[in-house]
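Below is one structure, written out as structure tokens; comments come after it.
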Amino acid sequence: MYDQNPTFESDPTDIGSRIDPVLARSWLLVNGSHHGKFEPAALSRADIVVLDIEDAVAPKDKAEARANVVRWLGTEAGRGDWVRVNGFGTPWWADDLDALSATAIGGVMLAMVESVDHVTETAKRLPDVPIVALVETARGLERISEIASAKGTFRLAFGIGDFRRDTGFGDNPATLAYARSRFTIAAKAAHLPSAIDGPTVGSSTLKLSEATAVSAEFGMTGKICLTPDQCAPVNEGLSPSQDEIKWAREFFAEFEADGGEIRNGSDLPRIARATKILDLARAYGISESDFEDEPVHQPAPSDTHHY
């Protein structure tokens, strides 16, 4: 179980805003038992706030946490927030969905997804509510293509902690390379937005930055966060970089100056990549900073930003 009980303070002047979950980078888990943390989370830099009534909550506290979440979703500040619900087959799954069915919920993150039925049965009880399928076991990974294609699956998410406990894997990026690759390929094949990577435990900014870079390298465009202060670095790491934005603008300037016509086989993929970079930069409200003149222009990194 991830430690989601640290005390945190929100800067009241640093107010984030929720964005389209298709593009969401930071998915902030907030312990459903601690209702005092809901408002600070809403003021954080999280793209999506996910109120957690599953892994963070002890069995004896499930009903109270569920009630906290339902009340919060009924407020203006909580409208549209997401909820991580207990997995299919647990004693709490049906009650979670029944309680949430009448709320203004943005979507659910379904824990411990191991088969298509887990998603489809949840979708039946919450029609028209997007479902992030949290795959956390070897059994789930073996069925990830089917899960991605299930009616109701909106995005895939990697539950790293439980996956490592289930498999005995370490946390080295090379060790988890196969698993992350499966998430990205399954999402792409099913025409889903790119997958959401699991969280990084701890408060080290360097460790979080390195972990987010790994997520991006594997084509994952979202990441679960455990505290509000993780959201801004994750957003930055999963957004187009200044180098990418500069490259895209320079490419289009050069392309237009050369007549705006396809010149060779490399133009089409470069146009697609540059268009994605600039579209995402606009969606995230990112503008190019002033750059000093550089003697040598390096090409943009490989495209890891997908709709």
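For the structure tokens, the naming scheme is as follows: chains receive sequential letters (A, B, ...) according to their order of presentation, residues are indexed from 1 within each chain, and ligands are indexed from 1 in presentation order.
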
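Residues within 9 Å of A:Arg71, counting only C-alpha atoms and excluding same-chain residues fewer than 5 positions away, are Arg66, Gly78 and Thr103 of chain A.
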
Kindly save the residues from that selection, with all heavy atoms included, as a PDB file, in the first residue's frame.
ATOM      1  N   ARG A  66     -16.265   6.414   1.582  1.00  0.00           N
ATOM      2  CA  ARG A  66     -17.225   6.501   0.475  1.00  0.00           C
ATOM      3  C   ARG A  66     -18.182   7.667   0.705  1.00  0.00           C
ATOM      4  O   ARG A  66     -18.483   8.439  -0.215  1.00  0.00           O
ATOM      5  CB  ARG A  66     -17.988   5.193   0.339  1.00  0.00           C
ATOM      6  CG  ARG A  66     -18.919   5.133  -0.859  1.00  0.00           C
ATOM      7  CD  ARG A  66     -19.783   3.897  -0.811  1.00  0.00           C
ATOM      8  NE  ARG A  66     -18.995   2.670  -0.793  1.00  0.00           N
ATOM      9  CZ  ARG A  66     -19.097   1.731   0.136  1.00  0.00           C
ATOM     10  NH1 ARG A  66     -19.962   1.868   1.137  1.00  0.00           N
ATOM     11  NH2 ARG A  66     -18.365   0.636   0.066  1.00  0.00           N
ATOM     12  N   GLY A  78     -15.927  19.948  -5.934  1.00  0.00           N
ATOM     13  CA  GLY A  78     -15.667  18.529  -6.194  1.00  0.00           C
ATOM     14  C   GLY A  78     -16.304  17.995  -7.454  1.00  0.00           C
ATOM     15  O   GLY A  78     -16.006  16.866  -7.870  1.00  0.00           O
ATOM     16  N   THR A 103     -23.962  10.715  -8.543  1.00  0.00           N
ATOM     17  CA  THR A 103     -23.108  11.876  -8.306  1.00  0.00           C
ATOM     18  C   THR A 103     -22.622  12.481  -9.622  1.00  0.00           C
ATOM     19  O   THR A 103     -22.771  11.881 -10.690  1.00  0.00           O
ATOM     20  CB  THR A 103     -21.878  11.485  -7.468  1.00  0.00           C
ATOM     21  OG1 THR A 103     -21.034  10.609  -8.241  1.00  0.00           O
ATOM     22  CG2 THR A 103     -22.284  10.803  -6.178  1.00  0.00           C
TER      23      THR A 103
END

Query raised in the report: Using only C-alpha atoms, which residues sit within 12 Å of A:Arg249 once same-chain residues fewer than 6 positions away are excluded, as an NGL selection string?
Result: :A and (242-243 or 255-256 or 270-271 or 273-279 or 281 or 287-288 or 299-300)

Residue subset to file, keeping all heavy atoms, as a short mmCIF file (atom, residue, chain, number, x, y, z; two decimals), in the first residue's frame:
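Just written: result.cif:
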data_model
loop_
_atom_site.label_atom_id
_atom_site.label_comp_id
_atom_site.auth_asym_id
_atom_site.auth_seq_id
_atom_site.Cartn_x
_atom_site.Cartn_y
_atom_site.Cartn_z
N GLN A 242 10.67 22.70 -24.14
CA GLN A 242 10.98 23.93 -24.89
C GLN A 242 11.76 23.60 -26.17
O GLN A 242 11.54 24.22 -27.21
CB GLN A 242 11.77 24.89 -24.01
CG GLN A 242 10.98 25.47 -22.84
CD GLN A 242 9.87 26.40 -23.30
OE1 GLN A 242 9.98 27.03 -24.36
NE2 GLN A 242 8.81 26.50 -22.52
N ASP A 243 12.65 22.62 -26.09
CA ASP A 243 13.39 22.23 -27.30
C ASP A 243 12.46 21.67 -28.37
O ASP A 243 12.63 21.94 -29.56
CB ASP A 243 14.45 21.18 -26.94
CG ASP A 243 15.68 21.78 -26.27
OD1 ASP A 243 15.83 23.02 -26.35
OD2 ASP A 243 16.47 21.03 -25.69
N PHE A 255 9.59 24.76 -43.56
CA PHE A 255 8.72 24.09 -44.51
C PHE A 255 7.94 25.09 -45.37
O PHE A 255 7.84 24.97 -46.59
CB PHE A 255 7.76 23.17 -43.75
CG PHE A 255 6.84 22.36 -44.62
CD1 PHE A 255 7.32 21.28 -45.33
CD2 PHE A 255 5.49 22.67 -44.70
CE1 PHE A 255 6.48 20.51 -46.13
CE2 PHE A 255 4.64 21.92 -45.49
CZ PHE A 255 5.13 20.84 -46.21
N GLU A 256 7.39 26.11 -44.70
CA GLU A 256 6.63 27.13 -45.43
C GLU A 256 7.55 27.95 -46.34
O GLU A 256 7.18 28.31 -47.46
CB GLU A 256 5.88 28.04 -44.46
CG GLU A 256 4.77 27.34 -43.69
CD GLU A 256 3.69 26.77 -44.61
OE1 GLU A 256 3.42 27.40 -45.66
OE2 GLU A 256 3.14 25.70 -44.28
N ARG A 270 7.40 14.14 -39.91
CA ARG A 270 7.84 15.33 -39.18
C ARG A 270 6.70 16.34 -39.03
O ARG A 270 6.58 16.99 -37.99
CB ARG A 270 9.04 15.97 -39.89
CG ARG A 270 10.32 15.16 -39.74
CD ARG A 270 11.54 15.97 -40.09
NE ARG A 270 11.55 16.29 -41.52
CZ ARG A 270 12.41 17.16 -42.07
NH1 ARG A 270 13.30 17.79 -41.31
NH2 ARG A 270 12.39 17.38 -43.36
N ILE A 271 5.86 16.45 -40.05
CA ILE A 271 4.68 17.32 -39.93
C ILE A 271 3.77 16.81 -38.83
O ILE A 271 3.26 17.59 -38.00
CB ILE A 271 3.93 17.38 -41.28
CG1 ILE A 271 4.73 18.19 -42.29
CG2 ILE A 271 2.54 17.99 -41.10
CD1 ILE A 271 4.17 18.11 -43.70
N ARG A 273 4.55 14.96 -36.23
CA ARG A 273 5.17 15.14 -34.92
C ARG A 273 5.13 16.61 -34.49
O ARG A 273 4.78 16.93 -33.35
CB ARG A 273 6.62 14.65 -34.95
CG ARG A 273 7.30 14.72 -33.58
CD ARG A 273 8.66 14.08 -33.59
NE ARG A 273 9.61 14.85 -34.38
CZ ARG A 273 10.89 14.51 -34.54
NH1 ARG A 273 11.34 13.39 -34.01
NH2 ARG A 273 11.70 15.27 -35.24
N ALA A 274 5.46 17.51 -35.40
CA ALA A 274 5.45 18.93 -35.06
C ALA A 274 4.05 19.42 -34.74
O ALA A 274 3.85 20.23 -33.82
CB ALA A 274 6.04 19.74 -36.23
N THR A 275 3.06 18.92 -35.47
CA THR A 275 1.67 19.30 -35.20
C THR A 275 1.24 18.85 -33.81
O THR A 275 0.62 19.60 -33.05
CB THR A 275 0.72 18.70 -36.25
OG1 THR A 275 1.09 19.19 -37.55
CG2 THR A 275 -0.73 19.06 -35.97
N LYS A 276 1.59 17.61 -33.44
CA LYS A 276 1.25 17.11 -32.10
C LYS A 276 1.91 17.94 -31.02
O LYS A 276 1.29 18.28 -30.00
CB LYS A 276 1.68 15.65 -31.96
CG LYS A 276 0.74 14.64 -32.56
CD LYS A 276 1.21 13.24 -32.22
CE LYS A 276 0.23 12.20 -32.76
NZ LYS A 276 0.68 10.83 -32.45
N ILE A 277 3.16 18.26 -31.21
CA ILE A 277 3.89 19.04 -30.20
C ILE A 277 3.21 20.38 -29.98
O ILE A 277 2.96 20.79 -28.83
CB ILE A 277 5.36 19.24 -30.63
CG1 ILE A 277 6.13 17.91 -30.53
CG2 ILE A 277 6.03 20.31 -29.78
CD1 ILE A 277 7.50 17.95 -31.16
N LEU A 278 2.88 21.08 -31.05
CA LEU A 278 2.29 22.41 -30.91
C LEU A 278 0.85 22.34 -30.41
O LEU A 278 0.42 23.20 -29.62
CB LEU A 278 2.37 23.15 -32.24
CG LEU A 278 3.80 23.46 -32.72
CD1 LEU A 278 3.77 24.23 -34.04
CD2 LEU A 278 4.59 24.24 -31.67
N ASP A 279 0.11 21.32 -30.84
CA ASP A 279 -1.26 21.16 -30.33
C ASP A 279 -1.26 20.90 -28.83
O ASP A 279 -2.07 21.47 -28.08
CB ASP A 279 -1.97 20.01 -31.05
CG ASP A 279 -2.43 20.38 -32.45
OD1 ASP A 279 -2.38 21.58 -32.79
OD2 ASP A 279 -2.83 19.47 -33.21
N ALA A 281 1.16 21.72 -26.71
CA ALA A 281 1.64 22.93 -26.04
C ALA A 281 0.49 23.92 -25.85
O ALA A 281 0.36 24.52 -24.78
CB ALA A 281 2.77 23.57 -26.85
N SER A 287 4.03 28.16 -23.59
CA SER A 287 4.57 29.01 -24.65
C SER A 287 6.07 28.87 -24.69
O SER A 287 6.71 28.53 -23.69
CB SER A 287 4.18 30.47 -24.43
OG SER A 287 4.66 30.92 -23.19
N GLU A 288 6.64 29.14 -25.85
CA GLU A 288 8.09 29.00 -26.00
C GLU A 288 8.80 30.14 -25.26
O GLU A 288 8.43 31.30 -25.37
CB GLU A 288 8.47 29.03 -27.47
CG GLU A 288 9.96 28.80 -27.72
CD GLU A 288 10.31 28.91 -29.20
OE1 GLU A 288 9.41 29.08 -30.01
OE2 GLU A 288 11.52 28.83 -29.50
N PRO A 299 18.02 18.17 -33.10
CA PRO A 299 16.66 17.78 -33.45
C PRO A 299 15.87 17.46 -32.20
O PRO A 299 16.43 17.11 -31.16
CB PRO A 299 16.85 16.54 -34.33
CG PRO A 299 18.18 16.00 -33.93
CD PRO A 299 19.01 17.21 -33.58
N ALA A 300 14.56 17.57 -32.32
CA ALA A 300 13.69 17.27 -31.18
C ALA A 300 13.79 15.80 -30.81
O ALA A 300 14.06 14.95 -31.65
CB ALA A 300 12.24 17.60 -31.53
#

Leaving out A:Thr137 and any residue of its chain fewer than 5 positions from it, which residues lie within 7 Å of it when counting only C-alpha atoms, given as an mmCIF file with N, CA, C and O atoms, in the first residue's frame?
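File part.cif, as written:
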data_model
loop_
_atom_site.group_PDB
_atom_site.id
_atom_site.type_symbol
_atom_site.label_atom_id
_atom_site.label_comp_id
_atom_site.auth_asym_id
_atom_site.auth_seq_id
_atom_site.Cartn_x
_atom_site.Cartn_y
_atom_site.Cartn_z
ATOM 1 N N ASP A 162 1.623 -3.010 -6.692
ATOM 2 C CA ASP A 162 1.023 -4.340 -6.603
ATOM 3 C C ASP A 162 1.575 -5.283 -7.662
ATOM 4 O O ASP A 162 1.708 -6.487 -7.415
ATOM 5 N N PHE A 163 1.921 -4.750 -8.833
ATOM 6 C CA PHE A 163 2.509 -5.594 -9.868
ATOM 7 C C PHE A 163 3.853 -6.156 -9.415
ATOM 8 O O PHE A 163 4.144 -7.344 -9.611
ATOM 9 N N ASP A 166 3.247 -8.819 -6.881
ATOM 10 C CA ASP A 166 2.713 -10.024 -7.500
ATOM 11 C C ASP A 166 3.786 -10.818 -8.230
ATOM 12 O O ASP A 166 3.773 -12.053 -8.210
#

Requested in this report: Give me the residues within 12 Å of A:Lys60 as a list in words, counting only C-alpha atoms and dropping any in the same chain fewer than 5 places off.
Outcome: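 Close residues of A:Lys60: Ser33, Ile53, Glu54, Ala65, Arg66, Pro91 and Trp92 of chain A.
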
Residue subset to file, keeping N, CA, C and O atoms, as a short mmCIF file (atom, residue, chain, number, x, y, z; two decimals), in the first residue's frame:
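The resulting result_8.cif:
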data_model
loop_
_atom_site.label_atom_id
_atom_site.label_comp_id
_atom_site.auth_asym_id
_atom_site.auth_seq_id
_atom_site.Cartn_x
_atom_site.Cartn_y
_atom_site.Cartn_z
N SER A 33 -10.47 8.82 3.18
CA SER A 33 -10.75 8.94 4.62
C SER A 33 -10.40 10.32 5.17
O SER A 33 -10.83 10.68 6.26
N ILE A 53 -10.84 5.42 -2.55
CA ILE A 53 -11.54 4.65 -1.52
C ILE A 53 -11.14 3.17 -1.61
O ILE A 53 -11.83 2.31 -1.08
N GLU A 54 -10.01 2.92 -2.26
CA GLU A 54 -9.53 1.53 -2.39
C GLU A 54 -8.28 1.32 -1.55
O GLU A 54 -8.36 1.19 -0.33
N ALA A 65 -15.21 6.59 4.15
CA ALA A 65 -14.51 7.22 3.03
C ALA A 65 -15.45 7.41 1.85
O ALA A 65 -15.43 8.45 1.18
N ARG A 66 -16.26 6.41 1.58
CA ARG A 66 -17.23 6.50 0.48
C ARG A 66 -18.18 7.67 0.71
O ARG A 66 -18.48 8.44 -0.21
N PRO A 91 -15.85 -7.04 -1.54
CA PRO A 91 -17.12 -6.78 -0.86
C PRO A 91 -17.63 -5.35 -1.03
O PRO A 91 -18.78 -5.07 -0.69
N TRP A 92 -16.78 -4.45 -1.54
CA TRP A 92 -17.14 -3.03 -1.59
C TRP A 92 -17.46 -2.53 -3.00
O TRP A 92 -17.98 -1.43 -3.15
#

Report task. Identify, with DSSP run on backbone atoms, the residues in stretch 17-233 of chain A assigned to strand (DSSP E), and express the list as a PyMOL selection string. Result -> chain A and resi 26-31+48-52+82-85+107-110+131-135+153-158+196-197+222-225

Requested in this report: Name the residues of stretch 81-301 of chain A that fall into helix (DSSP H, G or I) according to DSSP on the backbone, using the chain letters and numbers of this document, as a VMD selection string.
Outcome: chain A and resid 93 to 100 116 to 125 138 to 142 144 to 149 160 to 167 177 to 189 205 to 217 228 to 237 242 to 257 267 to 283

Query raised in the report: Taking into account only C-alpha atoms, which residue in the set A:Leu100, A:His118, A:Leu28, A:Asp20 is nearest to A:Leu43?
Result: A:Leu28

Query raised in the report: Closest to A:Pro240 among A:Arg164, A:His191, A:Arg84, A:Arg282, using only C-alpha atoms?
Result: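 Under the stated criterion, the closest residue is A:Arg282.
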
Query raised in the report: Near A:Pro127, counting only C-alpha atoms, which residues have an atom at most 12 Å away, once you skip same-chain residues fewer than 4 positions from it, shown as a list in words?
Result: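 Answer for this query is Leu97, Asp98, Leu100, Ser101, Ala102, Ile105, Gly107, Val108, Val119, Thr120, Glu121, Thr122, Ala123, Ile131, Lys151, Gly152 and Thr153 of chain A.
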
Query - Residue among A:Lys37, A:Arg18, A:Arg165, A:Arg155 lying closest to A:Gly222, counting only C-alpha atoms - result: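 Of A:Lys37, A:Arg18, A:Arg165, A:Arg155, the one nearest A:Gly222 is A:Arg155, counting only C-alpha atoms.
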
Report task. Give the answer as one residue: which of A:Ala157, A:Ala148, A:Val214, A:Val116 has the shortest atom-to-atom distance to A:Asp171, using only C-alpha atoms? Result ->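 The shortest atom-to-atom distance to A:Asp171 comes from A:Val214.
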
**Report entry** Point-to-point distance in Å for atom CA of A:Leu226 and atom CA of A:Glu64
**Finding:** 20.9 Å

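For the residues A:Ile224, A:Thr200, A:Asn86, A:Gln230, ranking by smallest atom-to-atom distance to A:Pro59 using only C-alpha atoms places A:Asn86 first.
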
Query raised in the report: How many Å separate atom CA of A:Asp197 from atom CA of A:Leu268?
Result: 29.3 Å
